[in-house]
$ cat input.txt   # compact mmCIF, C-alpha atoms and all ligand atoms
# COMPACT_ATOMS: atom_id res chain seq x y z
CA MET A 50 -0.53 6.58 -26.22
CA ALA A 51 -3.69 7.60 -24.47
CA ILE A 52 -3.28 10.39 -21.95
CA HIS A 53 -3.75 9.30 -18.37
CA ARG A 54 -6.02 11.79 -16.64
CA PRO A 55 -5.13 13.09 -13.19
CA LEU A 56 -6.95 11.26 -10.47
CA LEU A 57 -9.89 13.26 -9.24
CA ILE A 58 -9.99 11.85 -5.77
CA GLY A 59 -12.40 13.86 -3.72
CA ALA A 60 -14.64 14.82 -6.63
CA LEU A 61 -17.38 12.57 -5.31
CA GLY A 62 -18.58 14.77 -2.51
CA LEU A 63 -17.06 12.59 0.17
CA CYS A 64 -18.13 13.26 3.68
CA ALA A 65 -15.61 12.59 6.43
CA VAL A 66 -12.56 14.70 7.08
CA LEU A 67 -8.98 13.55 6.93
CA ALA A 68 -8.13 14.91 10.29
CA ALA A 69 -7.21 12.05 12.58
CA PRO A 70 -4.08 12.88 14.53
CA ALA A 71 -0.91 11.09 13.61
CA ALA A 72 -0.25 8.15 15.83
CA ALA A 73 2.53 8.94 18.25
CA MET A 74 5.32 6.54 17.58
CA ALA A 75 8.90 5.98 18.40
CA ALA A 76 11.03 6.10 15.27
CA PRO A 77 13.72 3.44 15.23
CA GLY A 78 16.85 4.19 13.26
CA PRO A 79 16.55 4.04 9.51
CA SER A 80 19.01 1.21 9.19
CA GLU A 81 16.45 -1.30 10.36
CA ALA A 82 14.36 -0.70 7.24
CA GLY A 83 17.11 -1.69 4.86
CA GLY A 84 19.35 -4.71 4.85
CA ALA A 85 19.25 -7.73 2.60
CA SER A 86 17.34 -10.00 4.97
CA HIS A 87 14.02 -9.14 6.47
CA HIS A 88 13.98 -8.61 10.20
CA SER A 89 11.21 -9.71 12.51
CA ASP A 90 9.99 -6.12 12.62
CA SER A 91 10.02 -5.54 8.85
CA LEU A 92 6.70 -4.66 7.28
CA ARG A 93 6.52 -8.09 5.68
CA SER A 94 7.24 -9.97 8.92
CA LEU A 95 4.74 -7.94 10.90
CA ALA A 96 2.14 -8.39 8.16
CA ALA A 97 2.83 -12.12 8.04
CA ASN A 98 1.95 -12.35 11.74
CA ILE A 99 -1.62 -11.42 10.84
CA GLY A 100 -1.77 -13.32 7.55
CA LEU A 101 -1.63 -10.19 5.44
CA ARG A 102 0.55 -9.61 2.40
CA ILE A 103 2.18 -6.20 2.11
CA GLY A 104 3.43 -5.12 -1.27
CA THR A 105 4.96 -2.42 -3.38
CA ALA A 106 4.89 -1.43 -7.00
CA VAL A 107 8.37 -1.88 -8.40
CA ASN A 108 10.27 0.35 -10.77
CA THR A 109 12.39 -2.23 -12.54
CA ASP A 110 15.02 0.32 -13.62
CA GLN A 111 15.63 1.12 -9.97
CA LEU A 112 15.62 -2.56 -9.10
CA ALA A 113 18.38 -3.18 -11.63
CA SER A 114 20.56 -0.21 -10.77
CA ASN A 115 20.09 0.70 -7.12
CA GLU A 116 21.23 -1.70 -4.44
CA ALA A 117 19.51 0.13 -1.58
CA TYR A 118 16.23 0.08 -3.51
CA ARG A 119 16.68 -3.63 -4.15
CA ASP A 120 17.42 -4.35 -0.50
CA ILE A 121 14.36 -2.51 0.75
CA THR A 122 12.12 -4.17 -1.84
CA ALA A 123 13.31 -7.58 -0.70
CA ALA A 124 13.41 -6.89 3.02
CA GLU A 125 10.16 -5.05 3.58
CA PHE A 126 7.60 -6.44 1.15
CA SER A 127 6.00 -9.84 0.59
CA THR A 128 4.40 -9.02 -2.76
CA VAL A 129 5.53 -6.99 -5.73
CA THR A 130 3.59 -5.38 -8.57
CA ALA A 131 5.17 -4.34 -11.85
CA GLU A 132 4.65 -0.57 -11.95
CA ASN A 133 4.91 -0.60 -15.75
CA VAL A 134 6.65 -3.62 -17.25
CA MET A 135 3.66 -5.95 -17.56
CA LYS A 136 1.57 -3.35 -19.38
CA TRP A 137 0.70 -4.04 -23.00
CA GLN A 138 2.81 -1.15 -24.33
CA LEU A 139 5.89 -2.65 -22.71
CA VAL A 140 5.37 -6.35 -23.41
CA GLU A 141 4.35 -6.05 -27.09
CA PRO A 142 6.00 -2.90 -28.42
CA THR A 143 5.58 -4.05 -32.01
CA GLN A 144 2.77 -6.35 -32.99
CA GLY A 145 3.60 -9.99 -32.46
CA ASN A 146 7.02 -9.32 -30.93
CA TYR A 147 6.94 -9.82 -27.21
CA ASP A 148 9.52 -8.50 -24.79
CA TRP A 149 9.03 -10.16 -21.44
CA SER A 150 12.58 -9.52 -20.26
CA ALA A 151 11.96 -6.83 -17.62
CA ALA A 152 8.86 -8.52 -16.27
CA ASP A 153 10.64 -11.88 -16.16
CA ARG A 154 13.44 -10.32 -14.13
CA LEU A 155 10.92 -8.99 -11.64
CA VAL A 156 9.23 -12.38 -11.33
CA ALA A 157 12.63 -14.01 -10.78
CA PHE A 158 13.45 -11.42 -8.11
CA ALA A 159 10.15 -12.17 -6.41
CA GLU A 160 10.78 -15.89 -6.47
CA ALA A 161 14.27 -15.44 -5.06
CA ASN A 162 12.88 -13.34 -2.23
CA HIS A 163 9.81 -15.48 -1.49
CA GLN A 164 7.41 -12.81 -2.68
CA LEU A 165 4.12 -13.18 -4.51
CA VAL A 166 3.41 -11.17 -7.65
CA ARG A 167 0.43 -8.99 -8.52
CA GLY A 168 0.13 -8.87 -12.31
CA HIS A 169 -0.74 -5.40 -13.56
CA THR A 170 -2.58 -5.06 -15.92
CA LEU A 171 -4.23 -6.88 -18.82
CA VAL A 172 -6.99 -4.58 -20.11
CA TRP A 173 -6.62 -0.83 -19.74
CA HIS A 174 -7.29 2.22 -21.90
CA ASN A 175 -3.82 3.60 -21.11
CA GLN A 176 -0.26 2.53 -22.00
CA LEU A 177 -1.42 0.62 -25.05
CA PRO A 178 1.16 -0.05 -27.78
CA ASP A 179 1.47 2.61 -30.47
CA TRP A 180 0.68 0.04 -33.16
CA LEU A 181 -2.63 -0.72 -31.46
CA ASN A 182 -3.55 2.91 -30.87
CA ALA A 183 -2.86 3.62 -34.53
CA ALA A 184 -4.89 0.73 -35.86
CA ALA A 185 -7.74 0.21 -33.38
CA ALA A 186 -10.15 2.75 -34.82
CA GLN A 187 -10.04 1.09 -38.23
CA MET A 188 -10.48 -2.44 -36.92
CA SER A 189 -13.74 -4.33 -36.95
CA PRO A 190 -15.08 -5.45 -33.57
CA ASP A 191 -14.15 -9.04 -34.40
CA GLN A 192 -10.58 -8.06 -35.24
CA LEU A 193 -10.17 -6.06 -32.04
CA ARG A 194 -11.75 -8.80 -29.94
CA ALA A 195 -9.34 -11.34 -31.42
CA ILE A 196 -6.39 -9.08 -30.63
CA LEU A 197 -7.52 -8.58 -27.03
CA HIS A 198 -8.17 -12.30 -26.61
CA LYS A 199 -4.69 -13.10 -27.93
CA HIS A 200 -3.06 -10.49 -25.69
CA ILE A 201 -4.71 -11.83 -22.56
CA THR A 202 -4.06 -15.44 -23.47
CA ASP A 203 -0.41 -14.88 -24.38
CA GLU A 204 0.43 -12.77 -21.33
CA VAL A 205 -1.38 -14.89 -18.77
CA THR A 206 0.07 -18.05 -20.32
CA HIS A 207 3.57 -16.62 -20.27
CA PHE A 208 3.33 -16.04 -16.52
CA LYS A 209 1.14 -19.04 -15.75
CA GLY A 210 1.64 -20.29 -12.19
CA LYS A 211 3.69 -17.23 -11.24
CA ILE A 212 1.04 -14.58 -10.66
CA TRP A 213 -0.95 -14.46 -7.43
CA GLN A 214 -3.44 -11.78 -8.43
CA TRP A 215 -4.02 -10.37 -11.91
CA ASP A 216 -5.55 -6.94 -12.41
CA VAL A 217 -7.56 -8.22 -15.35
CA VAL A 218 -9.49 -5.03 -16.10
CA ASN A 219 -8.23 -1.67 -14.90
CA GLU A 220 -10.13 1.61 -14.59
CA ALA A 221 -13.15 0.78 -16.75
CA PHE A 222 -15.38 3.40 -15.11
CA ASN A 223 -15.67 7.17 -15.02
CA ASP A 224 -16.12 8.94 -11.70
CA ASP A 225 -19.87 9.35 -12.35
CA GLY A 226 -20.29 5.58 -12.59
CA THR A 227 -20.68 5.37 -16.35
CA LEU A 228 -18.41 3.08 -18.32
CA ARG A 229 -15.30 4.77 -19.69
CA ASN A 230 -15.51 5.46 -23.40
CA SER A 231 -12.39 3.44 -24.23
CA ILE A 232 -11.69 1.64 -27.48
CA TRP A 233 -12.80 -1.51 -25.68
CA LEU A 234 -16.24 -0.13 -24.87
CA GLN A 235 -16.60 1.59 -28.23
CA LYS A 236 -15.79 -1.46 -30.30
CA LEU A 237 -16.69 -4.43 -28.11
CA GLY A 238 -19.46 -3.11 -25.87
CA PRO A 239 -19.61 -3.69 -22.10
CA GLY A 240 -19.25 -7.45 -22.54
CA TYR A 241 -15.49 -7.01 -23.00
CA ILE A 242 -15.12 -7.05 -19.22
CA ALA A 243 -16.68 -10.49 -18.76
CA ASP A 244 -14.78 -11.80 -21.79
CA ALA A 245 -11.47 -10.61 -20.34
CA PHE A 246 -12.04 -12.48 -17.09
CA ARG A 247 -13.10 -15.65 -18.92
CA TRP A 248 -10.06 -15.54 -21.17
CA ALA A 249 -7.68 -14.92 -18.29
CA HIS A 250 -9.21 -17.80 -16.35
CA GLU A 251 -8.81 -20.14 -19.32
CA ALA A 252 -5.11 -19.29 -19.50
CA ASP A 253 -4.36 -19.65 -15.78
CA PRO A 254 -7.23 -21.15 -13.79
CA LYS A 255 -5.38 -20.75 -10.48
CA ALA A 256 -4.56 -17.04 -10.64
CA LYS A 257 -6.82 -14.77 -8.64
CA LEU A 258 -8.59 -12.42 -11.02
CA PHE A 259 -9.28 -8.84 -9.91
CA TYR A 260 -11.12 -5.79 -11.17
CA ASN A 261 -9.00 -2.75 -10.20
CA ASP A 262 -9.88 0.96 -10.07
CA TYR A 263 -9.28 4.31 -8.35
CA ASN A 264 -11.80 6.53 -6.56
CA ILE A 265 -13.80 3.46 -5.57
CA GLU A 266 -12.48 3.37 -2.01
CA PHE A 267 -15.59 5.07 -0.71
CA THR A 268 -19.29 4.67 -1.39
CA GLY A 269 -20.52 6.85 -4.22
CA PRO A 270 -21.49 6.58 -7.88
CA LYS A 271 -18.25 5.00 -9.04
CA SER A 272 -17.91 2.36 -6.33
CA ASN A 273 -21.63 1.65 -6.60
CA ALA A 274 -21.17 1.03 -10.33
CA VAL A 275 -18.28 -1.35 -9.70
CA TYR A 276 -20.37 -3.09 -7.04
CA SER A 277 -23.17 -3.59 -9.58
CA LEU A 278 -20.70 -4.79 -12.17
CA VAL A 279 -19.13 -7.44 -9.98
CA LYS A 280 -22.52 -8.67 -8.76
CA ASP A 281 -23.58 -8.97 -12.36
CA LEU A 282 -20.41 -10.82 -13.28
CA GLN A 283 -20.94 -13.22 -10.39
CA ALA A 284 -24.56 -13.80 -11.46
CA GLN A 285 -23.29 -14.69 -14.95
CA GLY A 286 -20.75 -17.12 -13.52
CA VAL A 287 -17.80 -15.03 -14.68
CA PRO A 288 -14.59 -16.05 -12.86
CA ILE A 289 -13.85 -12.96 -10.77
CA ASP A 290 -12.12 -13.34 -7.41
CA GLY A 291 -11.66 -9.86 -6.14
CA VAL A 292 -11.70 -6.10 -6.40
CA GLY A 293 -8.61 -3.93 -6.12
CA PHE A 294 -9.01 -0.49 -4.55
CA GLN A 295 -6.10 1.58 -5.82
CA THR A 296 -6.29 4.13 -2.97
CA HIS A 297 -4.42 7.07 -4.47
CA LEU A 298 -5.18 9.72 -1.85
CA ASP A 299 -4.51 13.41 -1.41
CA THR A 300 -4.49 15.19 1.95
CA GLN A 301 -6.77 17.92 0.61
CA TYR A 302 -9.66 15.47 0.22
CA PRO A 303 -11.65 13.54 2.81
CA LEU A 304 -11.13 9.92 3.79
CA PRO A 305 -14.52 8.48 4.62
CA ASP A 306 -16.06 5.00 4.74
CA LEU A 307 -13.28 2.81 3.38
CA GLN A 308 -13.70 -0.10 5.76
CA ASN A 309 -17.46 -0.35 5.26
CA ASN A 310 -17.00 -0.16 1.54
CA LEU A 311 -14.36 -2.91 1.50
CA GLN A 312 -16.67 -5.01 3.66
CA ARG A 313 -19.67 -4.70 1.35
CA PHE A 314 -17.59 -6.03 -1.55
CA ALA A 315 -16.20 -8.79 0.69
CA ASP A 316 -19.75 -9.69 1.66
CA LEU A 317 -20.38 -10.58 -1.98
CA GLY A 318 -17.94 -13.45 -1.51
CA LEU A 319 -15.04 -11.58 -3.07
CA GLU A 320 -11.55 -10.93 -1.84
CA VAL A 321 -10.47 -7.32 -1.70
CA ALA A 322 -7.08 -5.60 -1.78
CA GLU A 323 -5.68 -2.12 -1.54
CA THR A 324 -3.49 -2.14 -4.59
CA GLU A 325 -1.80 1.23 -5.20
CA VAL A 326 -1.78 3.18 -1.95
CA ASP A 327 -0.11 6.57 -1.84
CA VAL A 328 -0.99 9.86 -0.16
CA ARG A 329 0.18 12.98 -1.93
CA THR A 330 0.20 16.52 -0.62
CA SER A 331 1.20 20.04 -1.66
CA LEU A 332 4.91 20.78 -1.57
CA PRO A 333 6.68 21.75 0.57
CA VAL A 334 5.20 19.42 3.14
CA THR A 335 4.02 21.13 6.32
CA PRO A 336 3.95 19.30 9.66
CA THR A 337 0.15 19.34 9.53
CA ALA A 338 0.12 17.82 6.07
CA GLN A 339 2.54 15.12 7.10
CA SER A 340 0.35 14.27 10.08
CA ALA A 341 -2.55 13.91 7.68
CA GLN A 342 -0.46 11.67 5.43
CA VAL A 343 0.52 9.48 8.37
CA ALA A 344 -3.12 9.27 9.46
CA ALA A 345 -4.24 8.36 5.95
CA TYR A 346 -1.73 5.53 5.62
CA SER A 347 -2.73 4.28 9.02
CA GLN A 348 -6.44 4.45 8.29
CA THR A 349 -6.13 2.68 4.95
CA LEU A 350 -4.09 -0.14 6.48
CA GLN A 351 -6.39 -0.45 9.49
CA ALA A 352 -9.39 -0.68 7.15
CA CYS A 353 -7.76 -3.57 5.31
CA MET A 354 -6.74 -5.25 8.56
CA ALA A 355 -10.30 -5.05 9.86
CA VAL A 356 -11.76 -6.86 6.84
CA ARG A 357 -10.90 -10.55 6.85
CA GLN A 358 -11.13 -10.83 3.08
CA CYS A 359 -8.63 -8.00 2.51
CA ILE A 360 -5.66 -10.10 1.47
CA SER A 361 -3.06 -7.53 0.49
CA TYR A 362 -2.06 -3.93 1.03
CA THR A 363 0.23 -2.52 -1.65
CA VAL A 364 1.91 0.87 -1.84
CA TRP A 365 2.39 2.35 -5.32
CA GLY A 366 6.14 2.57 -5.03
CA PHE A 367 7.76 3.08 -1.67
CA SER A 368 10.05 6.02 -2.38
CA ASP A 369 9.44 9.65 -3.24
CA ALA A 370 12.49 9.37 -5.50
CA ASP A 371 10.54 7.70 -8.29
CA SER A 372 6.88 8.49 -7.65
CA TRP A 373 4.50 9.09 -10.56
CA VAL A 374 2.79 11.90 -8.60
CA PRO A 375 4.90 15.02 -9.34
CA GLY A 376 4.70 14.32 -13.06
CA VAL A 377 0.90 14.33 -12.99
CA PHE A 378 -0.07 16.67 -10.14
CA ARG A 379 1.87 19.91 -10.41
CA GLY A 380 3.16 21.10 -7.04
CA GLU A 381 2.28 17.89 -5.24
CA GLY A 382 4.33 14.92 -4.11
CA ALA A 383 5.90 13.31 -1.04
CA ALA A 384 3.28 10.60 -1.45
CA ASP A 385 5.31 7.60 -0.38
CA ILE A 386 6.55 5.97 2.81
CA TYR A 387 10.28 6.52 2.15
CA ASP A 388 11.86 9.83 1.22
CA GLU A 389 13.96 10.60 -1.86
CA ASN A 390 17.06 9.27 -0.10
CA LEU A 391 15.33 5.98 0.62
CA GLN A 392 15.01 6.79 4.30
CA PRO A 393 11.79 5.69 6.01
CA LYS A 394 9.33 8.45 6.86
CA PRO A 395 6.80 8.60 9.71
CA GLN A 396 4.33 7.04 7.26
CA TYR A 397 6.46 3.90 7.24
CA PHE A 398 6.61 3.74 11.02
CA ALA A 399 2.85 4.23 11.26
CA LEU A 400 2.31 1.16 9.06
CA LYS A 401 4.70 -0.81 11.23
CA GLN A 402 2.97 0.23 14.39
CA ASP A 403 -0.45 -0.69 13.04
CA LEU A 404 0.77 -4.09 11.91
CA ALA A 405 2.46 -4.72 15.25
CA LEU A 406 -0.68 -3.74 17.15
CA GLY A 407 -2.87 -5.79 14.84
CA LYS A 408 -1.95 -9.21 16.04
CA GLY A 409 -5.56 -9.88 16.92
CA ALA A 410 -6.82 -8.96 13.45
CA PRO A 411 -9.17 -11.53 11.89
CA HIS A 412 -7.64 -14.53 10.19
CA ARG A 413 -7.23 -14.08 6.45
CA THR A 414 -7.59 -16.52 3.60
CA GLY A 415 -5.77 -15.87 0.35
CA GLN A 416 -2.11 -16.42 1.08
CA GLY A 417 -0.97 -18.72 -1.69
CA VAL A 418 -1.17 -18.81 -5.44
CA GLY A 419 -4.61 -19.77 -6.65
CA ARG A 420 -8.13 -19.74 -5.32
CA ASN A 421 -8.93 -20.96 -1.85
O1 LIG A 501 9.70 4.42 -20.67
C1 LIG A 501 9.48 5.69 -21.28
C2 LIG A 501 10.78 6.29 -21.69
O2 LIG A 501 11.36 5.49 -22.68
C3 LIG A 501 10.51 7.70 -22.23
O3 LIG A 501 11.71 8.32 -22.52
C4 LIG A 501 9.78 8.53 -21.18
C5 LIG A 501 9.41 9.91 -21.68
O4 LIG A 501 8.27 10.41 -21.06
O5 LIG A 501 8.58 7.87 -20.85
C6 LIG A 501 8.77 6.58 -20.30
O6 LIG A 501 7.52 6.01 -20.07
C7 LIG A 501 6.84 6.50 -18.92
C8 LIG A 501 6.50 5.31 -18.04
O7 LIG A 501 5.73 5.72 -16.94
C9 LIG A 501 7.75 4.62 -17.50
O8 LIG A 501 8.48 5.51 -16.72
C10 LIG A 501 5.57 7.18 -19.36
O9 LIG A 501 5.88 8.38 -20.06
C11 LIG A 501 4.71 7.51 -18.15
O10 LIG A 501 3.45 7.98 -18.60
C12 LIG A 501 4.49 6.26 -17.32
O11 LIG A 501 3.74 6.62 -16.19
C13 LIG A 501 3.12 5.54 -15.51
C14 LIG A 501 1.61 5.75 -15.51
O12 LIG A 501 1.01 4.71 -14.77
C15 LIG A 501 1.03 5.75 -16.91
O13 LIG A 501 -0.34 6.04 -16.82
C16 LIG A 501 3.63 5.54 -14.07
O14 LIG A 501 5.03 5.22 -14.06
C17 LIG A 501 2.84 4.53 -13.25
O15 LIG A 501 3.16 4.68 -11.89
C18 LIG A 501 1.35 4.77 -13.41
O16 LIG A 501 0.67 3.77 -12.69
C19 LIG A 501 -0.76 3.85 -12.70
C20 LIG A 501 -1.28 2.44 -12.65
O17 LIG A 501 -0.73 1.67 -13.69
C21 LIG A 501 -2.80 2.40 -12.70
N1 LIG A 501 -3.38 3.25 -11.67
C22 LIG A 501 -2.86 4.62 -11.61
C23 LIG A 501 -1.34 4.62 -11.50
C24 LIG A 501 -0.80 6.03 -11.37
O18 LIG A 501 -1.09 6.79 -12.52
$ encode --input "input.txt" --output "structure tokens" --more "lines below"
Ligand code: G3I
Amino acid sequence: MAIHRPLLIGALGLCAVLAAPAAAMAAPGPSEAGGASHHSDSLRSLAANIGLRIGTAVNTDQLASNEAYRDITAAEFSTVTAENVMKWQLVEPTQGNYDWSAADRLVAFAEANHQLVRGHTLVWHNQLPDWLNAAAAQMSPDQLRAILHKHITDEVTHFKGKIWQWDVVNEAFNDDGTLRNSIWLQKLGPGYIADAFRWAHEADPKAKLFYNDYNIEFTGPKSNAVYSLVKDLQAQGVPIDGVGFQTHLDTQYPLPDLQNNLQRFADLGLEVAETEVDVRTSLPVTPTAQSAQVAAYSQTLQACMAVRQCISYTVWGFSDADSWVPGVFRGEGAADIYDENLQPKPQYFALKQDLALGKGAPHRTGQGVGRN
């Protein structure tokens, strides 16, 4: 499996400072965040008031084994993203033998709880099956293209009608704005991106198709490159609906012009989404660092709320108990909105307060399955 590099958020010379004070907020008792039914002041209810979908990445092992985790997932969120179980490595562990079981269970959970699903992800350089990693270098471009085409067609067809947004291509760029030197670029050239969108559209014409990446939240070489890419795709008539801004943040780096950046993509006629929000910090967490985390969550949500075409705001897991962060960034963590005991943190209450205060936010469009 390819090694996933640590996210170099902040390496772009960003200009503003993550220093806004934490919003003062009353903290209701933790019990109101749990419970099997969603209350009128759950994140999902408050988001629904302004036509916004609020989501979480889901760890399907936790979903199967932990009732409190399950209750919060159902009660607080109106979309879910498979943290891992829709990735190629998981769905086709040996060539030609699909295992959709975990992803199917998540989709069934979403349907039972009236949630939409973000499909993550069809084309990535990471979490590829071992059989593909072993064989790709020896394949001809035509062979590899056929394998990618089949993967996209089979997966999108399997979930046809059940996925709201697909992350069709994930993390195709380097931080300097050049295309990542993945097997896809090496063998297929840059046209693999347009092909992937066309193939996904053929398999499920109603799913919203997104390009998704990290470190593109702010203007700079990488987000400029993605901006050029999506303009180019639009000019070619490629069926792309939106751009996903992962938004993996760290309190040691600045948080500059997110809203303006979202808006310039929206002005292209695209929908936008914050797809993997978390805000990590050095451990142990100091009060100052937590204030910065609260401010960052608040600012990222407010940026989405201020842009009419921002249709969903998704946290990359809600609990520090199963975050990807400590395994990748040594000495850092506490990136999520619930603590390791599944108790809501001030970050959670900041999101609630912003949603509650945002009743006048502009009307949004993309609330159902399919294009508007
Ligand atoms: O399932 C195996 C298990 O069988 C094995 O024993 C264990 C040993 O390490 O590994 C398990 O797989 C791990 C998998 O998560 C499921 O837990 C992988 O090692 C681990 O690398 C993988 O990490 C995921 C990571 O993507 C891979 O790059 C994280 O959970 C997931 O949160 C993270 O998500 C990515 C998004 O997809 C794209 N954007 C960045 C984001 C954070 O890195």
$ closest_atom_pairs --input "input.txt" --of "chain A" --to "ligand LIG 501 (chain A)" --cutoff "9 Å" --atoms "all atoms listed in the file" --output "CSV"
residue,atom,partner,partner_atom,distance
A:Met50,CA,A:LIG501,O10,8.7
A:Ala51,CA,A:LIG501,O13,8.5
A:Ile52,CA,A:LIG501,O13,7.3
A:His53,CA,A:LIG501,O13,5.0
A:Arg54,CA,A:LIG501,O13,8.1
A:Pro55,CA,A:LIG501,O18,7.5
A:Leu56,CA,A:LIG501,O18,7.7
A:Ala106,CA,A:LIG501,O15,8.0
A:Asn108,CA,A:LIG501,O14,7.9
A:Asp110,CA,A:LIG501,O8,8.9
A:Ala131,CA,A:LIG501,O17,8.6
A:Glu132,CA,A:LIG501,O15,5.5
A:Asn133,CA,A:LIG501,O14,6.1
A:Val134,CA,A:LIG501,C9,8.3
A:Lys136,CA,A:LIG501,O17,7.9
A:Leu139,CA,A:LIG501,O1,8.3
A:His169,CA,A:LIG501,O17,7.1
A:Thr170,CA,A:LIG501,O17,7.3
A:Trp173,CA,A:LIG501,C21,8.6
A:Asn175,CA,A:LIG501,O13,6.0
A:Gln176,CA,A:LIG501,C15,6.2
A:Asn219,CA,A:LIG501,C21,7.1
A:Glu220,CA,A:LIG501,N1,7.5
A:Asn261,CA,A:LIG501,N1,8.4
A:Asp262,CA,A:LIG501,N1,7.1
A:Tyr263,CA,A:LIG501,N1,6.9
A:Gln295,CA,A:LIG501,N1,6.7
A:His297,CA,A:LIG501,C22,7.7
A:Thr324,CA,A:LIG501,N1,8.9
A:Glu325,CA,A:LIG501,N1,7.0
A:Trp365,CA,A:LIG501,O15,7.0
A:Gly366,CA,A:LIG501,O15,7.8
A:Asp371,CA,A:LIG501,O14,8.4
A:Ser372,CA,A:LIG501,O15,6.8
A:Trp373,CA,A:LIG501,O15,4.8
A:Val374,CA,A:LIG501,C24,7.4
A:Gly376,CA,A:LIG501,O11,8.4
A:Val377,CA,A:LIG501,O18,7.8
$ residues_around --input "input.txt" --residues "A:Gly104" --least-positions-apart "3" --cutoff "10 Å" --atoms "only C-alpha atoms" --output "ChimeraX atom specification"
/A:92-93,101,107,122,125-130,164-167,323-326,361-367
$ atom_distance --input "input.txt" --atom1 "atom CA of A:Ala383" --atom2 "atom CA of A:Ser114"
22.2 Å
$ atom_distance --input "input.txt" --atom1 "atom CA of A:Arg357" --atom2 "atom CA of A:Gly269"
22.8 Å
$ closest_residue --input "input.txt" --among "A:Thr143, A:Gln339, A:Asn273, A:Ser347" --to "A:Ala384" --atoms "only C-alpha atoms"
A:Gln339
$ atom_distance --input "input.txt" --atom1 "atom CA of A:Pro254" --atom2 "atom CA of A:Leu350"
29.4 Å
$ residues_around --input "input.txt" --residues "A:Asp191" --least-positions-apart "5" --cutoff "10 Å" --atoms "all atoms listed in the file" --output "PDB file with C-alpha atoms, keeping the file's coordinate frame"
ATOM      1  CA  ILE A 196      -6.390  -9.080 -30.630  1.00  0.00           C
ATOM      2  CA  LEU A 197      -7.520  -8.580 -27.030  1.00  0.00           C
ATOM      3  CA  LYS A 236     -15.790  -1.460 -30.300  1.00  0.00           C
ATOM      4  CA  LEU A 237     -16.690  -4.430 -28.110  1.00  0.00           C
TER       5      LEU A 237
END
$ residues_around --input "input.txt" --residues "A:Lys257" --least-positions-apart "6" --cutoff "12 Å" --atoms "only C-alpha atoms" --output "PyMOL selection string"
chain A and resi 165-168+205+209-217+246+249-250+288-293+319-322+360+415-421
$ write_last_selection --input "input.txt" --atoms "C-alpha atoms" --output "PDB file, in the coordinates of the input"
ATOM      1  CA  LEU A 165       4.120 -13.180  -4.510  1.00  0.00           C
ATOM      2  CA  VAL A 166       3.410 -11.170  -7.650  1.00  0.00           C
ATOM      3  CA  ARG A 167       0.430  -8.990  -8.520  1.00  0.00           C
ATOM      4  CA  GLY A 168       0.130  -8.870 -12.310  1.00  0.00           C
ATOM      5  CA  VAL A 205      -1.380 -14.890 -18.770  1.00  0.00           C
ATOM      6  CA  LYS A 209       1.140 -19.040 -15.750  1.00  0.00           C
ATOM      7  CA  GLY A 210       1.640 -20.290 -12.190  1.00  0.00           C
ATOM      8  CA  LYS A 211       3.690 -17.230 -11.240  1.00  0.00           C
ATOM      9  CA  ILE A 212       1.040 -14.580 -10.660  1.00  0.00           C
ATOM     10  CA  TRP A 213      -0.950 -14.460  -7.430  1.00  0.00           C
ATOM     11  CA  GLN A 214      -3.440 -11.780  -8.430  1.00  0.00           C
ATOM     12  CA  TRP A 215      -4.020 -10.370 -11.910  1.00  0.00           C
ATOM     13  CA  ASP A 216      -5.550  -6.940 -12.410  1.00  0.00           C
ATOM     14  CA  VAL A 217      -7.560  -8.220 -15.350  1.00  0.00           C
ATOM     15  CA  PHE A 246     -12.040 -12.480 -17.090  1.00  0.00           C
ATOM     16  CA  ALA A 249      -7.680 -14.920 -18.290  1.00  0.00           C
ATOM     17  CA  HIS A 250      -9.210 -17.800 -16.350  1.00  0.00           C
ATOM     18  CA  PRO A 288     -14.590 -16.050 -12.860  1.00  0.00           C
ATOM     19  CA  ILE A 289     -13.850 -12.960 -10.770  1.00  0.00           C
ATOM     20  CA  ASP A 290     -12.120 -13.340  -7.410  1.00  0.00           C
ATOM     21  CA  GLY A 291     -11.660  -9.860  -6.140  1.00  0.00           C
ATOM     22  CA  VAL A 292     -11.700  -6.100  -6.400  1.00  0.00           C
ATOM     23  CA  GLY A 293      -8.610  -3.930  -6.120  1.00  0.00           C
ATOM     24  CA  LEU A 319     -15.040 -11.580  -3.070  1.00  0.00           C
ATOM     25  CA  GLU A 320     -11.550 -10.930  -1.840  1.00  0.00           C
ATOM     26  CA  VAL A 321     -10.470  -7.320  -1.700  1.00  0.00           C
ATOM     27  CA  ALA A 322      -7.080  -5.600  -1.780  1.00  0.00           C
ATOM     28  CA  ILE A 360      -5.660 -10.100   1.470  1.00  0.00           C
ATOM     29  CA  GLY A 415      -5.770 -15.870   0.350  1.00  0.00           C
ATOM     30  CA  GLN A 416      -2.110 -16.420   1.080  1.00  0.00           C
ATOM     31  CA  GLY A 417      -0.970 -18.720  -1.690  1.00  0.00           C
ATOM     32  CA  VAL A 418      -1.170 -18.810  -5.440  1.00  0.00           C
ATOM     33  CA  GLY A 419      -4.610 -19.770  -6.650  1.00  0.00           C
ATOM     34  CA  ARG A 420      -8.130 -19.740  -5.320  1.00  0.00           C
ATOM     35  CA  ASN A 421      -8.930 -20.960  -1.850  1.00  0.00           C
TER      36      ASN A 421
END
$ closest_residue --input "input.txt" --among "A:Ala352, A:Ala124, A:Gln187, A:Leu228" --to "A:His163" --atoms "only C-alpha atoms"
A:Ala124
$ residues_near_point --input "input.txt" --point "(13.5, -9.9, -7.9)" --cutoff "10 Å" --atoms "only C-alpha atoms" --output "list of chain:residue names"
A:Val107, A:Thr109, A:Leu112, A:Ala113, A:Arg119, A:Thr122, A:Ala123, A:Val129, A:Ala152, A:Asp153, A:Arg154, A:Leu155, A:Val156, A:Ala157, A:Phe158, A:Ala159, A:Glu160, A:Ala161, A:Asn162, A:His163, A:Gln164
